[in-house]
Every structure is written in structure tokens, then in C-alpha cells.
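> Pasting in a structure now, in C-alpha cells, and then I'll have a few things to ask.
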Amino acid sequence: MRLDELLEELQARINAARGTRDRVHSLLEAVVSVGRELDLSQVLRRIVEAAALLVDAQYGALGVIGPDGRTLSQFLTVGLAEDEIAEIGHLPEGHGILGELIRHPEPLRLTDIGTHEASYGFPAHHPPMRTFLGVPIRVRDEVFGNLYLTDKRDGQEFDAEDEGVISTLSVAAGVAIDNARLYEASRRQQRWLQVNAEITNSLLSGSARLDVLELIARRAQEITRAQVADVSVPVPGTDDLVVELALGADDDTRRGLVVPVEGTLSGAAHRTGSLVTTPGLADDHRYTAGPRRFEGLGPAVAVPTGTETEGTRGVLLLARPTGEPAFTEEELEPLRAFAGQATLALELAERRKDAEHLALLEDRDRIARDLHDLAIQRLFATGMTLQSAARLIEHAGAAERVSRAVGDLDETIKIIRSTIFGLRAREEDPGQSLRARAARAVGEAGATLGFPPRLSMEGLLDTDVPPHIADHVMAVLVEALSNAARHAHATRVEVSLRATADEAVLTVTDNGRGIPAGGRRSGLNHLAERARSLGGTFDIENPPEGGSRLVWRAPLAPAR
């Protein structure tokens, strides 16, 4: 009997030793598996999977503590199906038992979760859980997150050996996370350096302002793994911003939107002139103003562009999907430098535009001077010579042709003088030119439309179009844009203004609901009356793709 007892005890110890050996072997395999990965998201996934496997837990989770140190910014689970997660809804933020481990980062074992004083209960559709084991994960003496394990599959409670195994795994996990973060930081820094060189090359090659801004926004979106990237600029004379550039999901619906400064994330960055972040853009009660356009978006950052002397000139907004990790300080610091690149792009584009405008004015002045000093004088001399020669011509037909040629030269001189006057008038007061007035009217209409209309202009609008016709053109343009804003419910408006040899043509096209047959037409009748008073026409067309097209024409010379 005694020998049998000894043999049984020996067998039990052998089995325990074998179990301990197998568990140590599994732990070593888990450590190697966790340390093999360099992608942080994959490292976190392997950690929680290995932890659940080592202690035979039915459910496991890893919560990453957010920048505020009080809530969870990321929550990875094992043991729950996708449909179960969807039914539960919003992921935990760090209340109850989960928050207890955040407040007191020490291993915690419970035989019944519901009996703990910090128990917060479970949300609807959450599976029942009883036993619990929680262990913090430290990275360089900083608590990175916590491992949460519940309900062993054999129905037993978590014991001290389970706690020791998971605590050992958490140490290896901390090293693996640190390595992955260092690797990610080095890759990110290398990527930023490449992008900075790309942007500098684009700036030096003379790329357009909007092209450089798009390059900056797109590269920032790629590096930060953001789902959307918007660039907003101030609307002159208002407290609003307009989304000038939109990338990512639903970019067409966001591009051109006018949003207030107060109550929006971009507005907060514009007002303070400093970087602003939020853990959940769609749910943040501080930023609810303006059209709803951020459904399903979580962590976001708004980065202002500009200088201390000139103020904020624009805002770059980057947002990740809900459930993604919040922006870390390591990610935000390069974004501040990136904002400096955007400011440089804007300044260089404006300086280049000013230089081109100055060169244009100097060229106009030279052309006007040459026309006056050379062309007109030579034409005048030629006309005098022909007039003198006409008296010597005896053939009546030839003399008449020479006289007509002299008359044509006089008309040519008048045209050239008018052109010279137009060139110098634009130089003296460019803001009163038809082109400038039309561009200003179209720009101001963006605030009421909710998006910037497209404008194209062709021909000698500032020299060939008489002032009184230009005034009619502006009145018609303002009325047409106002009608589009009030009645069309359009998302795109295009304006075309042309000056041909004979007439001025204004075309306003929108993709709205069109002009109903029995609707009020008092405003349109006024436009038609303006055209008739000048001897022109006014047509309303219905394009095949929908919407409406208004075509207003006026002759440049009165009908004879």
C-alpha cells in the first residue's frame, strides 16, 4: 500500500514536471513568436493571442492606454466573433475592472468579476464572464497597456502559476513593443525625409500652389495612415473656412464645403494657431458645428499652416477610422514640421504669382510704350505719305482705294491707342477690370453656395468690352449665381466668360434640379430684358446630364 502511494505521488510529480516543462516550452515559443514581428499592430495581436493560449482562457483582450493616461485608445480582443463585437457596440474606454488596472497597474486575479467593488457591469449583448486575470505591460518603466483574460476553458480559476506565466509574457511583450515602436519610428522618419525632399523638389520646379498642397496632404495621409485628409482655408471677410482640398472617403461631398470656425476641429486649430487633436472626431461634443461629414471617424488632428506675423493661412485635417490608435507625440512632431512645408508652399506660390504679375505689368508697359513710340508713329507717317501720294494719282479708282487705306490706318491707330489705354488702365487699377470683378464675384458666391464655383475667362475682356456692357455682365453674373444658390440645390456650378470679336458671352451651368416649367421667372426675365436692351439674347438650356445652363450674349458694338 505504501509503495503504491509512493508510486502515485511520483507519477503525479512527473506529470507536474512534464506539464511545467510543456508550459515553459509554450511560453518560450510565445516569446519568440511575439518578438519575431516588427509591425506594431501585428505584435499586439500576437501578444493577446499568445496570452489566451498560455492560460487556456476563453476570452482575451489587450487595451492600449491613451495619451491622457486614464482611458483606453485601442482595444484588441480574442474569443469574440465579429458579429458579437458589432452587437456589443462601442469598445471599452477603461471603466470598471479595466479602469482598476489602469489606476493600479499591478497583477489582478478575481474569482468573480461581479463581486469586485470596481465592477462596472457588462453592456447589452456582452457574453457572461466570471473569472479574471489582468496584468500590466510596461515599456521602459511606462505602462503601455494591460492584458485582460477571463474564464478558463476547463472551468477552473486562474492561479498563481497562470499569473506568473502572463507576467513573464508581459515582460517579453514590453520588449517586443519597444522594438516595434523603434522600428516604426525609424521607418516613419525615413519616410518624412523622403517626402520633404519630394516637396522641396516640387516647390523648386515651380509647381502650382494647389498641386503642392495636394502632394503635402496626400503624403501626410499615407504616412499617418489617415482615412481622410482635408485642407481648409479662410473665406475672406467671414468667420468661416472652406474645404479647398479633400482626399479620402467621400472627398467629393467635402470639397468646397463652408464650415464655421467656432465648433469645428479645423476652426479650433485656425483660431489658436496651434495643433489640436481629438480621440473621436465623429463623437466629440466640442466639434459638432457645420455639416455632418465625419461619420465613422475616430482619432484626428488639425495642423495650422502659417506664420506668427501673418496668422493662420490654412488647416490640414487628418482623421483615422474609429477604433484606430490615437495620434502619438512621435507622430505629431513631424506634422508640425510638415505644416512649415505647407506654409512655405503657400508663400512661394504667392511670391511667384506676385513676380509673374509684376513681370506682366512691366511687359504691358513696354508693349504700350513700343506701340506708342514705334508702331503708331510709323503708321501715322505711312498715312501721311499715302495722303500726299493720293493727290498725285489721276486714276479715280486707285485714288479712292488709297483714301480707304488711309482711313483704315486711322482706325488702326485708334484701336492701338485704345489698347494702350486698356493696358495702362489695368496697371493703374487692376481691381476694377472685368476679369477681376468677375473673379471676385465668383469667389464671394462660394460662401452662399457652400462650394467654390469653377471660372474660366477668354478673350480681351478688359479692352474690348465697354464699361456699360461690363456692368450688365456683372449684374447678370451675380443674379445667376444667386439663383443657383437659392433654387438650384446644385453641387457644381461652372461660369464661362468670353469676349469674341463681336460679342460678350456669359454662360452659367449647374447640376441642380433645373428650372421648373411653371416656376417663377421674374429674375430670369430681368436678365433677358438686359440682353434685349443691348441688342443681345438670353437663352435657358437643359443639358442632357441634368441641371440648367444660362447663356447671356451682348454685342460689343451697337447694331446698325
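Residues in the C-alpha cells are named by chain (A, B, ... in the order shown) and by number from 1 within that chain; ligands are numbered from 1 in the order shown.
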Determine, counting only C-alpha atoms, which protein, DNA and RNA residues have an atom within 12 Å of an atom of Glu329 in chain A; residues of the same chain fewer than 6 positions away are not included. Present the result as a PyMOL selection string.
chain A and resi 66-68+185+275-277+301+335-336
> Take the residues just selected and output them with all heavy atoms as a PDB file, in the first residue's frame.

```
ATOM      1  N   GLY A  66      -4.437  55.408 -23.561  1.00  0.00           N
ATOM      2  CA  GLY A  66      -4.357  56.596 -24.393  1.00  0.00           C
ATOM      3  C   GLY A  66      -3.408  57.644 -23.846  1.00  0.00           C
ATOM      4  O   GLY A  66      -2.845  57.499 -22.746  1.00  0.00           O
ATOM      5  N   PRO A  67      -3.218  58.736 -24.588  1.00  0.00           N
ATOM      6  CA  PRO A  67      -2.290  59.795 -24.164  1.00  0.00           C
ATOM      7  C   PRO A  67      -2.669  60.436 -22.836  1.00  0.00           C
ATOM      8  O   PRO A  67      -1.800  60.951 -22.129  1.00  0.00           O
ATOM      9  CB  PRO A  67      -2.389  60.817 -25.306  1.00  0.00           C
ATOM     10  CG  PRO A  67      -2.881  60.045 -26.492  1.00  0.00           C
ATOM     11  CD  PRO A  67      -3.782  58.993 -25.930  1.00  0.00           C
ATOM     12  N   ASP A  68      -3.984  60.423 -22.484  1.00  0.00           N
ATOM     13  CA  ASP A  68      -4.385  61.052 -21.224  1.00  0.00           C
ATOM     14  C   ASP A  68      -4.047  60.201 -20.009  1.00  0.00           C
ATOM     15  O   ASP A  68      -4.128  60.670 -18.862  1.00  0.00           O
ATOM     16  CB  ASP A  68      -5.886  61.353 -21.242  1.00  0.00           C
ATOM     17  CG  ASP A  68      -6.738  60.094 -21.429  1.00  0.00           C
ATOM     18  OD1 ASP A  68      -6.155  58.994 -21.516  1.00  0.00           O
ATOM     19  OD2 ASP A  68      -7.967  60.233 -21.490  1.00  0.00           O
ATOM     20  N   ALA A 185       9.292  54.076 -35.760  1.00  0.00           N
ATOM     21  CA  ALA A 185       9.749  55.463 -35.705  1.00  0.00           C
ATOM     22  C   ALA A 185      10.852  55.717 -36.732  1.00  0.00           C
ATOM     23  O   ALA A 185      10.870  56.763 -37.398  1.00  0.00           O
ATOM     24  CB  ALA A 185      10.246  55.804 -34.298  1.00  0.00           C
ATOM     25  N   LEU A 275      -1.580  73.143 -32.975  1.00  0.00           N
ATOM     26  CA  LEU A 275      -2.079  71.814 -33.319  1.00  0.00           C
ATOM     27  C   LEU A 275      -3.148  71.379 -32.322  1.00  0.00           C
ATOM     28  O   LEU A 275      -2.998  71.566 -31.112  1.00  0.00           O
ATOM     29  CB  LEU A 275      -0.900  70.853 -33.331  1.00  0.00           C
ATOM     30  CG  LEU A 275      -1.123  69.424 -33.788  1.00  0.00           C
ATOM     31  CD1 LEU A 275       0.117  68.933 -34.530  1.00  0.00           C
ATOM     32  CD2 LEU A 275      -1.362  68.540 -32.571  1.00  0.00           C
ATOM     33  N   VAL A 276      -4.258  70.790 -32.828  1.00  0.00           N
ATOM     34  CA  VAL A 276      -5.372  70.345 -31.977  1.00  0.00           C
ATOM     35  C   VAL A 276      -5.694  68.896 -32.325  1.00  0.00           C
ATOM     36  O   VAL A 276      -5.746  68.529 -33.502  1.00  0.00           O
ATOM     37  CB  VAL A 276      -6.618  71.225 -32.184  1.00  0.00           C
ATOM     38  CG1 VAL A 276      -7.747  70.763 -31.267  1.00  0.00           C
ATOM     39  CG2 VAL A 276      -6.301  72.691 -31.926  1.00  0.00           C
ATOM     40  N   THR A 277      -5.926  68.064 -31.298  1.00  0.00           N
ATOM     41  CA  THR A 277      -6.246  66.652 -31.517  1.00  0.00           C
ATOM     42  C   THR A 277      -7.563  66.301 -30.828  1.00  0.00           C
ATOM     43  O   THR A 277      -8.031  67.013 -29.931  1.00  0.00           O
ATOM     44  CB  THR A 277      -5.138  65.724 -30.974  1.00  0.00           C
ATOM     45  OG1 THR A 277      -5.030  65.920 -29.548  1.00  0.00           O
ATOM     46  CG2 THR A 277      -3.804  66.035 -31.623  1.00  0.00           C
ATOM     47  N   VAL A 301      -6.406  64.933 -36.059  1.00  0.00           N
ATOM     48  CA  VAL A 301      -5.524  66.041 -35.712  1.00  0.00           C
ATOM     49  C   VAL A 301      -5.691  67.130 -36.763  1.00  0.00           C
ATOM     50  O   VAL A 301      -5.838  66.846 -37.952  1.00  0.00           O
ATOM     51  CB  VAL A 301      -4.046  65.579 -35.625  1.00  0.00           C
ATOM     52  CG1 VAL A 301      -3.590  64.924 -36.926  1.00  0.00           C
ATOM     53  CG2 VAL A 301      -3.126  66.745 -35.273  1.00  0.00           C
ATOM     54  N   LEU A 335       4.521  66.299 -38.014  1.00  0.00           N
ATOM     55  CA  LEU A 335       3.431  67.031 -38.641  1.00  0.00           C
ATOM     56  C   LEU A 335       3.600  68.536 -38.478  1.00  0.00           C
ATOM     57  O   LEU A 335       3.231  69.318 -39.358  1.00  0.00           O
ATOM     58  CB  LEU A 335       2.097  66.596 -38.040  1.00  0.00           C
ATOM     59  CG  LEU A 335       1.482  65.320 -38.611  1.00  0.00           C
ATOM     60  CD1 LEU A 335       0.227  64.946 -37.854  1.00  0.00           C
ATOM     61  CD2 LEU A 335       1.172  65.497 -40.085  1.00  0.00           C
ATOM     62  N   ARG A 336       4.157  68.954 -37.343  1.00  0.00           N
ATOM     63  CA  ARG A 336       4.408  70.381 -37.143  1.00  0.00           C
ATOM     64  C   ARG A 336       5.422  70.888 -38.169  1.00  0.00           C
ATOM     65  O   ARG A 336       5.265  71.976 -38.736  1.00  0.00           O
ATOM     66  CB  ARG A 336       4.920  70.636 -35.723  1.00  0.00           C
ATOM     67  CG  ARG A 336       3.886  70.370 -34.641  1.00  0.00           C
ATOM     68  CD  ARG A 336       4.415  70.798 -33.274  1.00  0.00           C
ATOM     69  NE  ARG A 336       3.417  70.600 -32.235  1.00  0.00           N
ATOM     70  CZ  ARG A 336       3.315  69.529 -31.476  1.00  0.00           C
ATOM     71  NH1 ARG A 336       4.169  68.514 -31.654  1.00  0.00           N
ATOM     72  NH2 ARG A 336       2.381  69.429 -30.551  1.00  0.00           N
TER      73      ARG A 336
END
```
> Compile the contact shell of range 249-261 of chain A as a ChimeraX atom specification: residues with an atom at most 8 Å away, counting only C-alpha atoms, same-chain residues fewer than 2 positions apart removed.
/A:227-228,239-247,263-264,266-268,270-271,289-291,293,446-447,450-452
> Between A:Glu494, A:Asp539, A:Glu222, A:Glu142, which residue has the minimum interatomic distance to Asn511 in chain A, considering only C-alpha atoms?
A:Glu494
> Can you work out the spacing between CA of Thr491 in chain A and CA of Val508 in chain A in Å, to one decimal?
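Going from CA of Thr491 in chain A over to CA of Val508 in chain A covers 13.5 Å.
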> Pull the helix (DSSP H, G or I) assignments for range 382-486 of chain A out of DSSP run on the backbone, and list those residues as a ChimeraX atom specification.
/A:382-390,396-428,430-432,434-449,461-464,467-486
> Which one is closest to Gly94 in chain A: A:Gly60, A:Gly145, A:Gly383, A:Pro127? Count only C-alpha atoms.
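Closest residue, counting only C-alpha atoms: A:Gly145.
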> Determine the nearest neighbour of Ala490 in chain A from the options A:Ser548, A:Ser456, A:Ser433, A:Gln58, counting only C-alpha atoms.
A:Ser548
> Just the residues within 9 Å of Ala220 in chain A, please, counting only C-alpha atoms, with nothing from its chain fewer than 6 positions along; format it as a PyMOL selection string.
chain A and resi 192+195+226+229+318+335+338
> Quick one: residues within 10 Å of Gln189 in chain A, only C-alpha atoms counted, chain neighbours fewer than 5 positions away excluded, as a list in words?
Tyr183, Glu184, Gln194, Val195, Ile223, Glu330, Glu331 and Pro334 of chain A
> Those selected residues, please, written with N, CA and C atoms and delivered as a JSON list (two decimals), in the first residue's frame.

```
[["chain", "number", "residue", "atom", "x", "y", "z"],
["A", 183, "TYR", "N", 11.37, 50.58, -34.49],
["A", 183, "TYR", "CA", 11.44, 50.30, -35.92],
["A", 183, "TYR", "C", 10.46, 51.18, -36.69],
["A", 184, "GLU", "N", 9.26, 51.31, -36.16],
["A", 184, "GLU", "CA", 8.25, 52.14, -36.82],
["A", 184, "GLU", "C", 8.69, 53.60, -36.85],
["A", 194, "GLN", "N", 12.08, 61.52, -47.04],
["A", 194, "GLN", "CA", 11.84, 61.34, -48.47],
["A", 194, "GLN", "C", 10.75, 62.29, -48.97],
["A", 195, "VAL", "N", 9.70, 62.42, -48.17],
["A", 195, "VAL", "CA", 8.60, 63.30, -48.57],
["A", 195, "VAL", "C", 9.04, 64.76, -48.57],
["A", 223, "ILE", "N", 1.47, 58.58, -44.62],
["A", 223, "ILE", "CA", 2.40, 58.28, -43.54],
["A", 223, "ILE", "C", 1.67, 58.07, -42.22],
["A", 330, "GLU", "N", 5.09, 61.20, -31.06],
["A", 330, "GLU", "CA", 6.10, 60.89, -32.08],
["A", 330, "GLU", "C", 5.56, 61.14, -33.48],
["A", 331, "GLU", "N", 4.25, 61.01, -33.66],
["A", 331, "GLU", "CA", 3.65, 61.29, -34.96],
["A", 331, "GLU", "C", 3.35, 62.76, -35.15],
["A", 334, "PRO", "N", 6.60, 65.43, -36.37],
["A", 334, "PRO", "CA", 6.88, 65.65, -37.79],
["A", 334, "PRO", "C", 5.78, 66.43, -38.50]]
```
> Quick check for you: according to DSSP on this backbone, which residues of range 232-456 of chain A are classed as strand (DSSP E or B)? Reply as number ranges by chain.
A: 232-234, 240-248, 258-260, 276-278, 297-307, 311-321, 454-456
> Excluding Val31 in chain A and residues on its chain fewer than 5 positions from it, collect all residues at most 8 Å away from it, counting only C-alpha atoms, and give them as a ChimeraX atom specification.
/A:169,172-173
> What's the 12 Å shell around Gly459 in chain A, counting only C-alpha atoms, without same-chain residues fewer than 4 positions away, as a PyMOL selection string?
chain A and resi 434-435+463-465+496-505
> Store the residues of this selection in a file with all heavy atoms, as a CSV table (one decimal), in the first residue's frame.

```csv
chain,number,residue,atom,x,y,z
A,434,LEU,N,-12.8,93.9,-65.7
A,434,LEU,CA,-13.9,93.0,-65.7
A,434,LEU,C,-13.5,91.6,-65.2
A,434,LEU,O,-14.2,90.9,-64.5
A,434,LEU,CB,-14.5,92.9,-67.1
A,434,LEU,CG,-15.6,91.9,-67.4
A,434,LEU,CD1,-16.8,92.2,-66.4
A,434,LEU,CD2,-16.1,91.9,-68.8
A,435,ARG,N,-12.3,91.2,-65.6
A,435,ARG,CA,-11.8,89.9,-65.1
A,435,ARG,C,-11.7,89.9,-63.6
A,435,ARG,O,-12.1,88.9,-62.9
A,435,ARG,CB,-10.4,89.7,-65.7
A,435,ARG,CG,-10.3,89.3,-67.1
A,435,ARG,CD,-8.9,89.1,-67.6
A,435,ARG,NE,-8.9,88.6,-69.0
A,435,ARG,CZ,-8.9,87.3,-69.3
A,435,ARG,NH1,-8.9,86.4,-68.4
A,435,ARG,NH2,-8.8,86.9,-70.6
A,463,THR,N,-10.3,95.1,-72.5
A,463,THR,CA,-10.1,96.1,-73.5
A,463,THR,C,-11.2,96.2,-74.5
A,463,THR,O,-11.6,97.3,-75.0
A,463,THR,CB,-8.8,95.8,-74.3
A,463,THR,OG1,-8.8,94.5,-74.8
A,463,THR,CG2,-7.6,95.9,-73.3
A,464,ASP,N,-11.8,95.1,-74.9
A,464,ASP,CA,-12.9,95.1,-75.9
A,464,ASP,C,-14.3,95.3,-75.4
A,464,ASP,O,-15.2,95.7,-76.1
A,464,ASP,CB,-12.8,93.7,-76.7
A,464,ASP,CG,-11.6,93.7,-77.6
A,464,ASP,OD1,-10.8,94.6,-77.6
A,464,ASP,OD2,-11.5,92.7,-78.4
A,465,VAL,N,-14.5,94.9,-74.1
A,465,VAL,CA,-15.9,95.0,-73.5
A,465,VAL,C,-16.0,96.4,-73.0
A,465,VAL,O,-15.3,96.8,-72.0
A,465,VAL,CB,-16.1,94.0,-72.4
A,465,VAL,CG1,-17.5,94.1,-71.9
A,465,VAL,CG2,-15.9,92.6,-73.0
A,496,SER,N,-18.5,80.6,-67.4
A,496,SER,CA,-17.6,80.9,-68.5
A,496,SER,C,-17.9,82.3,-69.0
A,496,SER,O,-19.1,82.6,-69.3
A,496,SER,CB,-17.9,79.8,-69.6
A,496,SER,OG,-17.2,80.2,-70.8
A,497,LEU,N,-16.9,83.1,-69.1
A,497,LEU,CA,-17.0,84.5,-69.6
A,497,LEU,C,-16.0,84.7,-70.8
A,497,LEU,O,-14.8,84.5,-70.6
A,497,LEU,CB,-16.7,85.5,-68.5
A,497,LEU,CG,-16.8,86.9,-68.8
A,497,LEU,CD1,-18.2,87.3,-69.3
A,497,LEU,CD2,-16.5,87.8,-67.6
A,498,ARG,N,-16.6,85.0,-72.0
A,498,ARG,CA,-15.7,85.1,-73.2
A,498,ARG,C,-16.0,86.4,-73.9
A,498,ARG,O,-17.2,86.9,-73.9
A,498,ARG,CB,-16.0,84.0,-74.1
A,498,ARG,CG,-15.7,82.6,-73.6
A,498,ARG,CD,-15.9,81.5,-74.7
A,498,ARG,NE,-17.3,81.4,-75.0
A,498,ARG,CZ,-17.8,81.7,-76.2
A,498,ARG,NH1,-17.0,82.1,-77.2
A,498,ARG,NH2,-19.1,81.5,-76.5
A,499,ALA,N,-15.0,87.0,-74.5
A,499,ALA,CA,-15.1,88.1,-75.3
A,499,ALA,C,-14.6,87.8,-76.7
A,499,ALA,O,-13.4,87.5,-76.9
A,499,ALA,CB,-14.4,89.3,-74.8
A,500,THR,N,-15.5,87.7,-77.7
A,500,THR,CA,-15.1,87.4,-79.1
A,500,THR,C,-14.9,88.7,-79.8
A,500,THR,O,-15.0,89.8,-79.2
A,500,THR,CB,-16.2,86.5,-79.8
A,500,THR,OG1,-17.4,87.3,-79.9
A,500,THR,CG2,-16.5,85.3,-78.9
A,501,ALA,N,-14.7,88.6,-81.1
A,501,ALA,CA,-14.6,89.8,-81.9
A,501,ALA,C,-15.9,90.7,-81.9
A,501,ALA,O,-15.8,91.9,-82.1
A,501,ALA,CB,-14.1,89.5,-83.3
A,502,ASP,N,-17.0,90.0,-81.7
A,502,ASP,CA,-18.3,90.7,-81.9
A,502,ASP,C,-19.1,90.8,-80.7
A,502,ASP,O,-20.0,91.7,-80.6
A,502,ASP,CB,-19.1,89.9,-83.0
A,502,ASP,CG,-18.3,89.8,-84.3
A,502,ASP,OD1,-17.7,90.8,-84.7
A,502,ASP,OD2,-18.4,88.7,-84.9
A,503,GLU,N,-19.0,89.9,-79.7
A,503,GLU,CA,-19.9,89.9,-78.6
A,503,GLU,C,-19.2,89.4,-77.3
A,503,GLU,O,-18.2,88.8,-77.3
A,503,GLU,CB,-21.1,89.0,-78.9
A,503,GLU,CG,-20.7,87.6,-79.1
A,503,GLU,CD,-21.9,86.7,-79.5
A,503,GLU,OE1,-23.0,87.2,-79.5
A,503,GLU,OE2,-21.7,85.5,-79.7
A,504,ALA,N,-19.9,89.7,-76.2
A,504,ALA,CA,-19.5,89.2,-74.9
A,504,ALA,C,-20.5,88.1,-74.5
A,504,ALA,O,-21.8,88.3,-74.7
A,504,ALA,CB,-19.6,90.3,-73.8
A,505,VAL,N,-20.0,86.9,-74.1
A,505,VAL,CA,-20.9,85.8,-73.8
A,505,VAL,C,-20.6,85.3,-72.4
A,505,VAL,O,-19.5,85.0,-72.0
A,505,VAL,CB,-20.6,84.6,-74.8
A,505,VAL,CG1,-21.6,83.5,-74.6
A,505,VAL,CG2,-20.7,85.1,-76.3
```
> Pick the closest to Pro555 in chain A from A:Ala531, A:Leu317, A:Val175, A:Leu265: which is it, counting only C-alpha atoms?
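Among the listed residues, the smallest separation from Pro555 in chain A belongs to A:Ala531.
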